[in-house]
file protein_29.tsv (TSV, N, CA and C atoms)
chain	number	residue	atom	x	y	z
A	1	MET	N	0.84	-1.16	0.00
A	1	MET	CA	0.00	0.00	0.00
A	1	MET	C	0.90	1.23	0.00
A	2	LEU	N	0.66	2.17	-0.91
A	2	LEU	CA	1.38	3.43	-0.95
A	2	LEU	C	0.68	4.42	-0.04
A	3	GLU	N	1.43	5.25	0.66
A	3	GLU	CA	0.82	6.16	1.61
A	3	GLU	C	1.17	7.60	1.32
A	4	PRO	N	0.40	8.28	0.44
A	4	PRO	CA	0.63	9.70	0.25
A	4	PRO	C	0.13	10.47	1.47
A	5	THR	N	0.57	11.70	1.63
A	5	THR	CA	0.17	12.48	2.79
A	5	THR	C	-1.29	12.93	2.68
A	6	GLU	N	-1.80	13.15	1.48
A	6	GLU	CA	-3.19	13.56	1.29
A	6	GLU	C	-3.75	12.86	0.06
A	7	GLY	N	-5.06	12.88	-0.05
A	7	GLY	CA	-5.70	12.34	-1.24
A	7	GLY	C	-5.80	10.84	-1.24
A	8	PRO	N	-6.18	10.30	-2.39
A	8	PRO	CA	-6.41	8.86	-2.48
A	8	PRO	C	-5.14	8.04	-2.30
A	9	MET	N	-5.37	6.79	-1.94
A	9	MET	CA	-4.28	5.84	-1.77
A	9	MET	C	-4.50	4.68	-2.72
A	10	ILE	N	-3.44	3.97	-3.01
A	10	ILE	CA	-3.54	2.75	-3.81
A	10	ILE	C	-3.43	1.58	-2.84
A	11	TYR	N	-4.50	0.78	-2.79
A	11	TYR	CA	-4.52	-0.42	-1.96
A	11	TYR	C	-4.35	-1.63	-2.86
A	12	ARG	N	-3.64	-2.62	-2.40
A	12	ARG	CA	-3.51	-3.89	-3.13
A	12	ARG	C	-4.39	-4.92	-2.44
A	13	GLY	N	-4.84	-5.88	-3.24
A	13	GLY	CA	-5.67	-6.93	-2.68
A	13	GLY	C	-5.54	-8.20	-3.48
A	14	SER	N	-6.16	-9.26	-2.95
A	14	SER	CA	-6.08	-10.56	-3.61
A	14	SER	C	-7.16	-11.49	-3.08
A	15	CYS	N	-7.29	-12.61	-3.77
A	15	CYS	CA	-8.08	-13.72	-3.24
A	15	CYS	C	-7.20	-14.43	-2.21
A	16	HIS	N	-7.69	-15.51	-1.63
A	16	HIS	CA	-6.94	-16.21	-0.59
A	16	HIS	C	-5.65	-16.83	-1.10
A	17	CYS	N	-5.70	-17.46	-2.29
A	17	CYS	CA	-4.51	-18.14	-2.83
A	17	CYS	C	-3.59	-17.20	-3.60
A	18	ARG	N	-3.99	-15.97	-3.77
A	18	ARG	CA	-3.25	-14.92	-4.48
A	18	ARG	C	-3.12	-15.15	-5.98
A	19	ALA	N	-3.94	-16.03	-6.52
A	19	ALA	CA	-3.95	-16.19	-7.98
A	19	ALA	C	-4.53	-14.93	-8.63
A	20	VAL	N	-5.48	-14.28	-7.93
A	20	VAL	CA	-6.10	-13.05	-8.41
A	20	VAL	C	-5.58	-11.91	-7.56
A	21	THR	N	-4.93	-10.93	-8.19
A	21	THR	CA	-4.44	-9.76	-7.47
A	21	THR	C	-4.93	-8.51	-8.18
A	22	PHE	N	-5.07	-7.44	-7.41
A	22	PHE	CA	-5.61	-6.19	-7.96
A	22	PHE	C	-5.12	-5.00	-7.15
A	23	GLU	N	-5.35	-3.82	-7.71
A	23	GLU	CA	-5.13	-2.55	-7.03
A	23	GLU	C	-6.42	-1.75	-7.12
A	24	VAL	N	-6.67	-0.96	-6.09
A	24	VAL	CA	-7.83	-0.07	-6.09
A	24	VAL	C	-7.42	1.26	-5.48
A	25	GLU	N	-7.88	2.34	-6.10
A	25	GLU	CA	-7.63	3.68	-5.58
A	25	GLU	C	-8.82	4.08	-4.74
A	26	ALA	N	-8.55	4.45	-3.48
A	26	ALA	CA	-9.61	4.81	-2.55
A	26	ALA	C	-9.07	5.78	-1.51
A	27	PRO	N	-9.96	6.45	-0.80
A	27	PRO	CA	-9.51	7.40	0.23
A	27	PRO	C	-8.77	6.69	1.37
A	28	PRO	N	-7.98	7.45	2.13
A	28	PRO	CA	-7.28	6.86	3.28
A	28	PRO	C	-8.25	6.24	4.30
A	29	VAL	N	-9.40	6.89	4.50
A	29	VAL	CA	-10.44	6.33	5.37
A	29	VAL	C	-11.48	5.69	4.46
A	30	ILE	N	-11.61	4.38	4.54
A	30	ILE	CA	-12.52	3.62	3.69
A	30	ILE	C	-13.95	3.73	4.24
A	31	GLU	N	-14.89	4.08	3.36
A	31	GLU	CA	-16.32	4.08	3.69
A	31	GLU	C	-16.89	2.82	3.06
A	32	ALA	N	-17.18	1.82	3.88
A	32	ALA	CA	-17.64	0.52	3.39
A	32	ALA	C	-19.09	0.27	3.82
A	33	ASP	N	-19.74	-0.61	3.07
A	33	ASP	CA	-21.12	-0.99	3.38
A	33	ASP	C	-21.16	-2.49	3.69
A	34	ARG	N	-21.91	-2.84	4.74
A	34	ARG	CA	-22.14	-4.25	5.08
A	34	ARG	C	-23.59	-4.55	4.73
A	35	CYS	N	-23.75	-5.39	3.71
A	35	CYS	CA	-25.07	-5.72	3.19
A	35	CYS	C	-25.60	-6.99	3.86
A	36	ASN	N	-26.90	-7.01	4.11
A	36	ASN	CA	-27.51	-8.17	4.76
A	36	ASN	C	-28.25	-9.09	3.79
A	37	CYS	N	-28.01	-8.94	2.48
A	37	CYS	CA	-28.66	-9.84	1.52
A	37	CYS	C	-28.06	-11.24	1.67
A	38	SER	N	-28.69	-12.21	1.02
A	38	SER	CA	-28.27	-13.61	1.21
A	38	SER	C	-26.83	-13.87	0.77
A	39	ILE	N	-26.42	-13.38	-0.39
A	39	ILE	CA	-25.06	-13.70	-0.86
A	39	ILE	C	-23.99	-12.95	-0.07
A	40	CYS	N	-24.25	-11.69	0.28
A	40	CYS	CA	-23.24	-10.91	1.01
A	40	CYS	C	-23.08	-11.40	2.44
A	41	SER	N	-24.19	-11.70	3.10
A	41	SER	CA	-24.08	-12.15	4.49
A	41	SER	C	-23.44	-13.53	4.56
A	42	LYS	N	-23.73	-14.41	3.61
A	42	LYS	CA	-23.12	-15.74	3.62
A	42	LYS	C	-21.64	-15.71	3.27
A	43	SER	N	-21.22	-14.74	2.43
A	43	SER	CA	-19.82	-14.70	2.00
A	43	SER	C	-18.96	-13.73	2.81
A	44	GLY	N	-19.58	-12.90	3.65
A	44	GLY	CA	-18.80	-11.95	4.45
A	44	GLY	C	-18.22	-10.81	3.63
A	45	PHE	N	-18.89	-10.43	2.55
A	45	PHE	CA	-18.40	-9.37	1.67
A	45	PHE	C	-18.60	-8.02	2.33
A	46	LEU	N	-17.54	-7.20	2.38
A	46	LEU	CA	-17.58	-5.84	2.91
A	46	LEU	C	-17.32	-4.90	1.73
A	47	HIS	N	-18.32	-4.13	1.35
A	47	HIS	CA	-18.36	-3.40	0.08
A	47	HIS	C	-17.61	-2.07	0.04
A	48	LEU	N	-16.76	-1.93	-0.96
A	48	LEU	CA	-16.13	-0.66	-1.32
A	48	LEU	C	-16.38	-0.49	-2.82
A	49	ILE	N	-17.37	0.33	-3.17
A	49	ILE	CA	-17.72	0.56	-4.57
A	49	ILE	C	-16.93	1.75	-5.09
A	50	VAL	N	-16.27	1.55	-6.22
A	50	VAL	CA	-15.45	2.62	-6.84
A	50	VAL	C	-15.75	2.69	-8.33
A	51	PRO	N	-15.46	3.85	-8.96
A	51	PRO	CA	-15.55	3.91	-10.42
A	51	PRO	C	-14.60	2.89	-11.04
A	52	ARG	N	-14.97	2.33	-12.16
A	52	ARG	CA	-14.19	1.28	-12.82
A	52	ARG	C	-12.74	1.71	-13.08
A	53	ASP	N	-12.52	2.98	-13.39
A	53	ASP	CA	-11.15	3.43	-13.69
A	53	ASP	C	-10.26	3.54	-12.46
A	54	ARG	N	-10.81	3.27	-11.27
A	54	ARG	CA	-10.00	3.28	-10.05
A	54	ARG	C	-9.65	1.86	-9.60
A	55	PHE	N	-9.91	0.91	-10.48
A	55	PHE	CA	-9.63	-0.49	-10.19
A	55	PHE	C	-8.76	-1.06	-11.30
A	56	ARG	N	-7.77	-1.86	-10.92
A	56	ARG	CA	-6.92	-2.49	-11.93
A	56	ARG	C	-6.63	-3.93	-11.52
A	57	LEU	N	-7.01	-4.86	-12.39
A	57	LEU	CA	-6.69	-6.27	-12.18
A	57	LEU	C	-5.23	-6.46	-12.55
A	58	LEU	N	-4.43	-6.97	-11.63
A	58	LEU	CA	-3.00	-7.16	-11.86
A	58	LEU	C	-2.68	-8.56	-12.38
A	59	SER	N	-3.39	-9.56	-11.85
A	59	SER	CA	-3.15	-10.93	-12.30
A	59	SER	C	-4.37	-11.79	-12.01
A	60	GLY	N	-4.47	-12.89	-12.74
A	60	GLY	CA	-5.48	-13.88	-12.44
A	60	GLY	C	-6.76	-13.84	-13.23
A	61	GLU	N	-6.82	-13.09	-14.30
A	61	GLU	CA	-8.07	-13.06	-15.07
A	61	GLU	C	-8.51	-14.47	-15.46
A	62	GLU	N	-7.54	-15.33	-15.79
A	62	GLU	CA	-7.87	-16.71	-16.19
A	62	GLU	C	-8.37	-17.55	-15.02
A	63	ALA	N	-8.14	-17.11	-13.78
A	63	ALA	CA	-8.60	-17.85	-12.61
A	63	ALA	C	-10.00	-17.43	-12.15
A	64	LEU	N	-10.55	-16.38	-12.78
A	64	LEU	CA	-11.85	-15.88	-12.37
A	64	LEU	C	-13.00	-16.64	-13.03
A	65	ALA	N	-14.04	-16.86	-12.27
A	65	ALA	CA	-15.29	-17.42	-12.77
A	65	ALA	C	-16.39	-16.43	-12.38
A	66	THR	N	-17.51	-16.48	-13.07
A	66	THR	CA	-18.61	-15.55	-12.81
A	66	THR	C	-19.86	-16.31	-12.42
A	67	TYR	N	-20.54	-15.78	-11.42
A	67	TYR	CA	-21.81	-16.33	-10.95
A	67	TYR	C	-22.85	-15.22	-11.05
A	68	ARG	N	-23.99	-15.53	-11.63
A	68	ARG	CA	-25.11	-14.59	-11.72
A	68	ARG	C	-26.36	-15.27	-11.20
A	69	PHE	N	-27.23	-14.48	-10.58
A	69	PHE	CA	-28.51	-15.02	-10.13
A	69	PHE	C	-29.53	-13.88	-10.16
A	70	GLY	N	-30.77	-14.19	-9.87
A	70	GLY	CA	-31.82	-13.16	-9.85
A	70	GLY	C	-31.93	-12.48	-11.20
A	71	THR	N	-31.72	-11.17	-11.23
A	71	THR	CA	-31.84	-10.40	-12.47
A	71	THR	C	-30.69	-10.66	-13.43
A	72	GLY	N	-29.58	-11.20	-12.94
A	72	GLY	CA	-28.41	-11.47	-13.78
A	72	GLY	C	-27.56	-10.26	-14.07
A	73	VAL	N	-27.91	-9.09	-13.52
A	73	VAL	CA	-27.15	-7.87	-13.78
A	73	VAL	C	-25.80	-7.89	-13.07
A	74	ALA	N	-25.80	-8.27	-11.81
A	74	ALA	CA	-24.54	-8.33	-11.05
A	74	ALA	C	-23.69	-9.48	-11.58
A	75	LYS	N	-22.39	-9.22	-11.71
A	75	LYS	CA	-21.44	-10.24	-12.15
A	75	LYS	C	-20.54	-10.56	-10.96
A	76	HIS	N	-20.90	-11.60	-10.22
A	76	HIS	CA	-20.15	-12.01	-9.04
A	76	HIS	C	-18.94	-12.82	-9.51
A	77	THR	N	-17.77	-12.24	-9.41
A	77	THR	CA	-16.54	-12.91	-9.84
A	77	THR	C	-15.84	-13.51	-8.63
A	78	PHE	N	-15.38	-14.74	-8.80
A	78	PHE	CA	-14.67	-15.40	-7.72
A	78	PHE	C	-13.52	-16.21	-8.30
A	79	CYS	N	-12.55	-16.49	-7.46
A	79	CYS	CA	-11.40	-17.29	-7.88
A	79	CYS	C	-11.81	-18.75	-7.95
A	80	ARG	N	-11.61	-19.36	-9.10
A	80	ARG	CA	-12.00	-20.76	-9.25
A	80	ARG	C	-11.04	-21.72	-8.54
A	81	ILE	N	-9.91	-21.19	-8.01
A	81	ILE	CA	-8.97	-22.03	-7.26
A	81	ILE	C	-9.35	-22.08	-5.78
A	82	CYS	N	-9.50	-20.90	-5.15
A	82	CYS	CA	-9.77	-20.87	-3.70
A	82	CYS	C	-11.22	-20.52	-3.36
A	83	GLY	N	-11.99	-20.03	-4.32
A	83	GLY	CA	-13.41	-19.75	-4.09
A	83	GLY	C	-13.73	-18.39	-3.51
A	84	ILE	N	-12.73	-17.56	-3.28
A	84	ILE	CA	-12.96	-16.24	-2.68
A	84	ILE	C	-13.43	-15.25	-3.75
A	85	LYS	N	-14.37	-14.36	-3.34
A	85	LYS	CA	-14.88	-13.30	-4.23
A	85	LYS	C	-14.24	-11.98	-3.81
A	86	PRO	N	-13.11	-11.59	-4.43
A	86	PRO	CA	-12.42	-10.37	-4.01
A	86	PRO	C	-13.04	-9.08	-4.55
A	87	PHE	N	-13.80	-9.18	-5.65
A	87	PHE	CA	-14.47	-8.03	-6.25
A	87	PHE	C	-15.54	-8.53	-7.20
A	88	TYR	N	-16.43	-7.62	-7.60
A	88	TYR	CA	-17.45	-7.98	-8.59
A	88	TYR	C	-18.06	-6.71	-9.18
A	89	THR	N	-18.87	-6.88	-10.20
A	89	THR	CA	-19.62	-5.77	-10.80
A	89	THR	C	-21.01	-5.79	-10.18
A	90	PRO	N	-21.34	-4.77	-9.37
A	90	PRO	CA	-22.61	-4.80	-8.64
A	90	PRO	C	-23.81	-4.36	-9.48
A	91	ARG	N	-24.94	-4.90	-9.13
A	91	ARG	CA	-26.20	-4.52	-9.77
A	91	ARG	C	-26.50	-3.04	-9.55
A	92	SER	N	-26.18	-2.53	-8.36
A	92	SER	CA	-26.45	-1.13	-8.03
A	92	SER	C	-25.57	-0.16	-8.81
A	93	ASN	N	-24.40	-0.61	-9.23
A	93	ASN	CA	-23.42	0.24	-9.91
A	93	ASN	C	-22.74	-0.55	-11.02
A	94	PRO	N	-23.46	-0.89	-12.09
A	94	PRO	CA	-22.87	-1.71	-13.14
A	94	PRO	C	-21.73	-1.03	-13.90
A	95	ASP	N	-21.57	0.28	-13.68
A	95	ASP	CA	-20.46	1.02	-14.29
A	95	ASP	C	-19.24	1.06	-13.37
A	96	GLY	N	-19.33	0.43	-12.21
A	96	GLY	CA	-18.23	0.45	-11.24
A	96	GLY	C	-17.77	-0.95	-10.86
A	97	ILE	N	-16.91	-1.00	-9.87
A	97	ILE	CA	-16.41	-2.25	-9.31
A	97	ILE	C	-16.63	-2.20	-7.80
A	98	ASP	N	-17.02	-3.31	-7.24
A	98	ASP	CA	-17.23	-3.43	-5.81
A	98	ASP	C	-16.15	-4.36	-5.26
A	99	VAL	N	-15.26	-3.80	-4.46
A	99	VAL	CA	-14.13	-4.53	-3.90
A	99	VAL	C	-14.48	-4.99	-2.48
A	100	ASN	N	-14.10	-6.22	-2.16
A	100	ASN	CA	-14.27	-6.74	-0.81
A	100	ASN	C	-13.14	-6.19	0.06
A	101	VAL	N	-13.47	-5.29	0.98
A	101	VAL	CA	-12.46	-4.69	1.86
A	101	VAL	C	-11.69	-5.78	2.61
A	102	ASN	N	-12.34	-6.90	2.90
A	102	ASN	CA	-11.67	-8.00	3.60
A	102	ASN	C	-10.58	-8.65	2.76
A	103	CYS	N	-10.52	-8.34	1.47
A	103	CYS	CA	-9.49	-8.90	0.58
A	103	CYS	C	-8.34	-7.94	0.32
A	104	LEU	N	-8.35	-6.78	0.96
A	104	LEU	CA	-7.23	-5.85	0.81
A	104	LEU	C	-6.08	-6.33	1.69
A	105	ASP	N	-4.85	-6.18	1.18
A	105	ASP	CA	-3.65	-6.67	1.87
A	105	ASP	C	-2.71	-5.50	2.18
A	106	PRO	N	-2.60	-5.07	3.40
A	106	PRO	CA	-3.40	-5.45	4.55
A	106	PRO	C	-4.74	-4.72	4.54
A	107	VAL	N	-5.67	-5.16	5.39
A	107	VAL	CA	-6.94	-4.46	5.53
A	107	VAL	C	-6.62	-3.06	6.07
A	108	PRO	N	-7.19	-2.02	5.48
A	108	PRO	CA	-6.88	-0.65	5.93
A	108	PRO	C	-7.13	-0.45	7.42
A	109	ALA	N	-6.33	0.40	8.02
A	109	ALA	CA	-6.45	0.67	9.46
A	109	ALA	C	-7.72	1.43	9.79
A	110	SER	N	-8.22	2.22	8.84
A	110	SER	CA	-9.39	3.05	9.12
A	110	SER	C	-10.51	2.72	8.14
A	111	VAL	N	-11.52	2.01	8.65
A	111	VAL	CA	-12.68	1.61	7.85
A	111	VAL	C	-13.94	1.97	8.63
A	112	ASN	N	-14.78	2.79	8.02
A	112	ASN	CA	-16.10	3.10	8.59
A	112	ASN	C	-17.12	2.22	7.88
A	113	VAL	N	-17.87	1.44	8.65
A	113	VAL	CA	-18.83	0.50	8.07
A	113	VAL	C	-20.25	0.98	8.33
A	114	THR	N	-21.03	1.03	7.24
A	114	THR	CA	-22.43	1.42	7.30
A	114	THR	C	-23.29	0.23	6.92
A	115	PRO	N	-24.30	-0.10	7.72
A	115	PRO	CA	-25.19	-1.19	7.34
A	115	PRO	C	-26.00	-0.80	6.09
A	116	PHE	N	-26.24	-1.78	5.22
A	116	PHE	CA	-27.06	-1.58	4.03
A	116	PHE	C	-28.11	-2.69	4.00
A	117	ASP	N	-29.37	-2.30	3.81
A	117	ASP	CA	-30.47	-3.27	3.80
A	117	ASP	C	-30.65	-3.87	2.42
A	118	GLY	N	-29.82	-4.85	2.12
A	118	GLY	CA	-29.90	-5.53	0.83
A	118	GLY	C	-31.04	-6.54	0.76
A	119	GLN	N	-31.60	-6.91	1.91
A	119	GLN	CA	-32.77	-7.78	1.89
A	119	GLN	C	-33.96	-7.06	1.26
A	120	ASN	N	-33.93	-5.74	1.32
A	120	ASN	CA	-34.95	-4.90	0.69
A	120	ASN	C	-34.28	-4.01	-0.35
A	121	TRP	N	-33.52	-4.64	-1.24
A	121	TRP	CA	-32.66	-3.97	-2.19
A	121	TRP	C	-33.39	-2.93	-3.03
A	122	GLU	N	-34.55	-3.25	-3.54
A	122	GLU	CA	-35.28	-2.34	-4.43
A	122	GLU	C	-35.56	-0.99	-3.76
A	123	GLN	N	-35.84	-1.00	-2.48
A	123	GLN	CA	-36.15	0.24	-1.76
A	123	GLN	C	-34.90	1.04	-1.39
A	124	HIS	N	-33.72	0.40	-1.41
A	124	HIS	CA	-32.52	1.07	-0.89
A	124	HIS	C	-31.37	1.23	-1.90
A	125	ALA	N	-31.48	0.65	-3.06
A	125	ALA	CA	-30.38	0.69	-4.04
A	125	ALA	C	-29.96	2.11	-4.41
A	126	HIS	N	-30.88	3.03	-4.43
A	126	HIS	CA	-30.56	4.41	-4.79
A	126	HIS	C	-29.51	5.03	-3.86
A	127	LYS	N	-29.37	4.50	-2.66
A	127	LYS	CA	-28.39	5.03	-1.71
A	127	LYS	C	-26.95	4.72	-2.12
A	128	LEU	N	-26.78	3.80	-3.08
A	128	LEU	CA	-25.44	3.39	-3.53
A	128	LEU	C	-25.06	3.96	-4.89
A	129	ALA	N	-26.03	4.50	-5.62
A	129	ALA	CA	-25.82	4.89	-7.02
A	129	ALA	C	-24.66	5.88	-7.21
A	130	HIS	N	-24.42	6.76	-6.29
A	130	HIS	CA	-23.37	7.78	-6.43
A	130	HIS	C	-21.95	7.22	-6.30
A	131	LYS	N	-21.80	6.04	-5.74
A	131	LYS	CA	-20.47	5.53	-5.40
A	131	LYS	C	-19.57	5.21	-6.59
A	132	SER	N	-20.13	4.94	-7.74
A	132	SER	CA	-19.29	4.63	-8.91
A	132	SER	C	-19.08	5.83	-9.82
A	133	ARG	N	-19.60	6.98	-9.42
A	133	ARG	CA	-19.40	8.19	-10.22
A	133	ARG	C	-18.04	8.80	-9.92
A	134	PRO	N	-17.34	9.26	-10.96
A	134	PRO	CA	-16.04	9.92	-10.73
A	134	PRO	C	-16.24	11.16	-9.88
A	135	SER	N	-15.29	11.41	-8.99
A	135	SER	CA	-15.39	12.60	-8.15
A	135	SER	C	-14.51	13.71	-8.65

call {"tool": "encode", "arguments": {"input": "protein_29.tsv", "output": "structure tokens"}}
result
Amino acid sequence: MLEPTEGPMIYRGSCHCRAVTFEVEAPPVIEADRCNCSICSKSGFLHLIVPRDRFRLLSGEEALATYRFGTGVAKHTFCRICGIKPFYTPRSNPDGIDVNVNCLDPVPASVNVTPFDGQNWEQHAHKLAHKSRPS
């Protein structure tokens, strides 16, 4: 992780086996969402949604598999070797990338977590729409 004195930082992350590695540009203090929908609660995904141009896959594209369900809009990508989902394309922000904060190496020291009611996604999705817009 690079540590500039101000502004965004570059965080590195990976799946468990490190076949899939990536970088993401995000603020020093991470604003993450904990969703209570079935897939997020079962997988322990902690959401950091960023514009697509702030994410870079470094390695492992060939190790990724995609899972879709429901509307099929979200592209849940996971490592076919270890099964971890380090990032995906969310239904709420199909123009962005949603990184699992738990897959950042190391996990940032400062993370603010906000609960998100994904069990009632239709009523609350609008609260996430701004996260993939360039600032």

call {"tool": "select_by_dssp", "arguments": {"input": "protein_29.tsv", "residues": "segment 37-134 of chain A", "states": "helix (DSSP H, G or I)", "output": "list in words"}}
result
Ser38, Ile39, Cys40, Ser41, Lys42, Ser43, Arg52, Asp53, Arg54, Glu61, Glu62, Ala63, Val101, Asn102, Cys103, Gly118, Gln119, Asn120, Trp121, Glu122, Gln123, His124, Ala125, His126, Lys127, Ala129, His130, Lys131 and Ser132 of chain A

call {"tool": "atom_distance", "arguments": {"input": "protein_29.tsv", "atom1": "atom N of Gly13 of chain A", "atom2": "atom C of Cys103 of chain A"}}
result
5.4 Å

call {"tool": "atom_distance", "arguments": {"input": "protein_29.tsv", "atom1": "atom N of Glu31 of chain A", "atom2": "atom CA of Val101 of chain A"}}
result
9.2 Å

call {"tool": "residues_around", "arguments": {"input": "protein_29.tsv", "residues": "Ile81 of chain A", "least_positions_apart": "5", "cutoff": "7 Å", "atoms": "all atoms listed in the file", "output": "PyMOL selection string"}}
result
chain A and resi 17+63-64

call {"tool": "residues_around", "arguments": {"input": "protein_29.tsv", "residues": "Lys131 of chain A", "least_positions_apart": "4", "cutoff": "7 Å", "atoms": "only N, CA and C atoms", "output": "PyMOL selection string"}}
result
chain A and resi 49-51+96+127

call {"tool": "closest_residue", "arguments": {"input": "protein_29.tsv", "among": "A:Arg68, A:His47, A:Arg56, A:Arg133", "to": "Asn102 of chain A", "atoms": "all atoms listed in the file"}}
result
A:His47

call {"tool": "residues_around", "arguments": {"input": "protein_29.tsv", "residues": "Cys35 of chain A", "least_positions_apart": "4", "cutoff": "8 Å", "atoms": "all atoms listed in the file", "output": "ChimeraX atom specification"}}
result
/A:39-42,44-47,114-119

call {"tool": "closest_residue", "arguments": {"input": "protein_29.tsv", "among": "A:Ala125, A:Val113, A:Val107, A:Val29", "to": "Asn93 of chain A", "atoms": "only C-alpha atoms"}}
result
A:Ala125

call {"tool": "select_by_dssp", "arguments": {"input": "protein_29.tsv", "residues": "chain A", "states": "strand (DSSP E)", "output": "VMD selection string"}}
result
chain A and resid 9 to 14 21 to 26 30 to 35 46 to 51 55 to 59 64 to 67 75 to 79 87 to 89 96 to 100 111 to 116

call {"tool": "residues_around", "arguments": {"input": "protein_29.tsv", "residues": "Ala19 of chain A", "least_positions_apart": "3", "cutoff": "12 Å", "atoms": "only C-alpha atoms", "output": "list in words"}}
result
Gly13, Ser14, Cys15, His16, Phe22, Leu57, Leu58, Ser59, Gly60, Glu61, Glu62, Ala63, Leu64, Phe78, Cys79, Arg80, Ile81, Cys82, Gly83, Ile84, Lys85 and Pro86 of chain A

call {"tool": "write_last_selection", "arguments": {"input": "protein_29.tsv", "atoms": "N, CA and C atoms", "output": "PDB file, in the coordinates of the input"}}
result
ATOM      1  N   GLY A  13      -4.840  -5.880  -3.240  1.00  0.00           N
ATOM      2  CA  GLY A  13      -5.670  -6.930  -2.680  1.00  0.00           C
ATOM      3  C   GLY A  13      -5.540  -8.200  -3.480  1.00  0.00           C
ATOM      4  N   SER A  14      -6.160  -9.260  -2.950  1.00  0.00           N
ATOM      5  CA  SER A  14      -6.080 -10.560  -3.610  1.00  0.00           C
ATOM      6  C   SER A  14      -7.160 -11.490  -3.080  1.00  0.00           C
ATOM      7  N   CYS A  15      -7.290 -12.610  -3.770  1.00  0.00           N
ATOM      8  CA  CYS A  15      -8.080 -13.720  -3.240  1.00  0.00           C
ATOM      9  C   CYS A  15      -7.200 -14.430  -2.210  1.00  0.00           C
ATOM     10  N   HIS A  16      -7.690 -15.510  -1.630  1.00  0.00           N
ATOM     11  CA  HIS A  16      -6.940 -16.210  -0.590  1.00  0.00           C
ATOM     12  C   HIS A  16      -5.650 -16.830  -1.100  1.00  0.00           C
ATOM     13  N   PHE A  22      -5.070  -7.440  -7.410  1.00  0.00           N
ATOM     14  CA  PHE A  22      -5.610  -6.190  -7.960  1.00  0.00           C
ATOM     15  C   PHE A  22      -5.120  -5.000  -7.150  1.00  0.00           C
ATOM     16  N   LEU A  57      -7.010  -4.860 -12.390  1.00  0.00           N
ATOM     17  CA  LEU A  57      -6.690  -6.270 -12.180  1.00  0.00           C
ATOM     18  C   LEU A  57      -5.230  -6.460 -12.550  1.00  0.00           C
ATOM     19  N   LEU A  58      -4.430  -6.970 -11.630  1.00  0.00           N
ATOM     20  CA  LEU A  58      -3.000  -7.160 -11.860  1.00  0.00           C
ATOM     21  C   LEU A  58      -2.680  -8.560 -12.380  1.00  0.00           C
ATOM     22  N   SER A  59      -3.390  -9.560 -11.850  1.00  0.00           N
ATOM     23  CA  SER A  59      -3.150 -10.930 -12.300  1.00  0.00           C
ATOM     24  C   SER A  59      -4.370 -11.790 -12.010  1.00  0.00           C
ATOM     25  N   GLY A  60      -4.470 -12.890 -12.740  1.00  0.00           N
ATOM     26  CA  GLY A  60      -5.480 -13.880 -12.440  1.00  0.00           C
ATOM     27  C   GLY A  60      -6.760 -13.840 -13.230  1.00  0.00           C
ATOM     28  N   GLU A  61      -6.820 -13.090 -14.300  1.00  0.00           N
ATOM     29  CA  GLU A  61      -8.070 -13.060 -15.070  1.00  0.00           C
ATOM     30  C   GLU A  61      -8.510 -14.470 -15.460  1.00  0.00           C
ATOM     31  N   GLU A  62      -7.540 -15.330 -15.790  1.00  0.00           N
ATOM     32  CA  GLU A  62      -7.870 -16.710 -16.190  1.00  0.00           C
ATOM     33  C   GLU A  62      -8.370 -17.550 -15.020  1.00  0.00           C
ATOM     34  N   ALA A  63      -8.140 -17.110 -13.780  1.00  0.00           N
ATOM     35  CA  ALA A  63      -8.600 -17.850 -12.610  1.00  0.00           C
ATOM     36  C   ALA A  63     -10.000 -17.430 -12.150  1.00  0.00           C
ATOM     37  N   LEU A  64     -10.550 -16.380 -12.780  1.00  0.00           N
ATOM     38  CA  LEU A  64     -11.850 -15.880 -12.370  1.00  0.00           C
ATOM     39  C   LEU A  64     -13.000 -16.640 -13.030  1.00  0.00           C
ATOM     40  N   PHE A  78     -15.380 -14.740  -8.800  1.00  0.00           N
ATOM     41  CA  PHE A  78     -14.670 -15.400  -7.720  1.00  0.00           C
ATOM     42  C   PHE A  78     -13.520 -16.210  -8.300  1.00  0.00           C
ATOM     43  N   CYS A  79     -12.550 -16.490  -7.460  1.00  0.00           N
ATOM     44  CA  CYS A  79     -11.400 -17.290  -7.880  1.00  0.00           C
ATOM     45  C   CYS A  79     -11.810 -18.750  -7.950  1.00  0.00           C
ATOM     46  N   ARG A  80     -11.610 -19.360  -9.100  1.00  0.00           N
ATOM     47  CA  ARG A  80     -12.000 -20.760  -9.250  1.00  0.00           C
ATOM     48  C   ARG A  80     -11.040 -21.720  -8.540  1.00  0.00           C
ATOM     49  N   ILE A  81      -9.910 -21.190  -8.010  1.00  0.00           N
ATOM     50  CA  ILE A  81      -8.970 -22.030  -7.260  1.00  0.00           C
ATOM     51  C   ILE A  81      -9.350 -22.080  -5.780  1.00  0.00           C
ATOM     52  N   CYS A  82      -9.500 -20.900  -5.150  1.00  0.00           N
ATOM     53  CA  CYS A  82      -9.770 -20.870  -3.700  1.00  0.00           C
ATOM     54  C   CYS A  82     -11.220 -20.520  -3.360  1.00  0.00           C
ATOM     55  N   GLY A  83     -11.990 -20.030  -4.320  1.00  0.00           N
ATOM     56  CA  GLY A  83     -13.410 -19.750  -4.090  1.00  0.00           C
ATOM     57  C   GLY A  83     -13.730 -18.390  -3.510  1.00  0.00           C
ATOM     58  N   ILE A  84     -12.730 -17.560  -3.280  1.00  0.00           N
ATOM     59  CA  ILE A  84     -12.960 -16.240  -2.680  1.00  0.00           C
ATOM     60  C   ILE A  84     -13.430 -15.250  -3.750  1.00  0.00           C
ATOM     61  N   LYS A  85     -14.370 -14.360  -3.340  1.00  0.00           N
ATOM     62  CA  LYS A  85     -14.880 -13.300  -4.230  1.00  0.00           C
ATOM     63  C   LYS A  85     -14.240 -11.980  -3.810  1.00  0.00           C
ATOM     64  N   PRO A  86     -13.110 -11.590  -4.430  1.00  0.00           N
ATOM     65  CA  PRO A  86     -12.420 -10.370  -4.010  1.00  0.00           C
ATOM     66  C   PRO A  86     -13.040  -9.080  -4.550  1.00  0.00           C
TER      67      PRO A  86
END
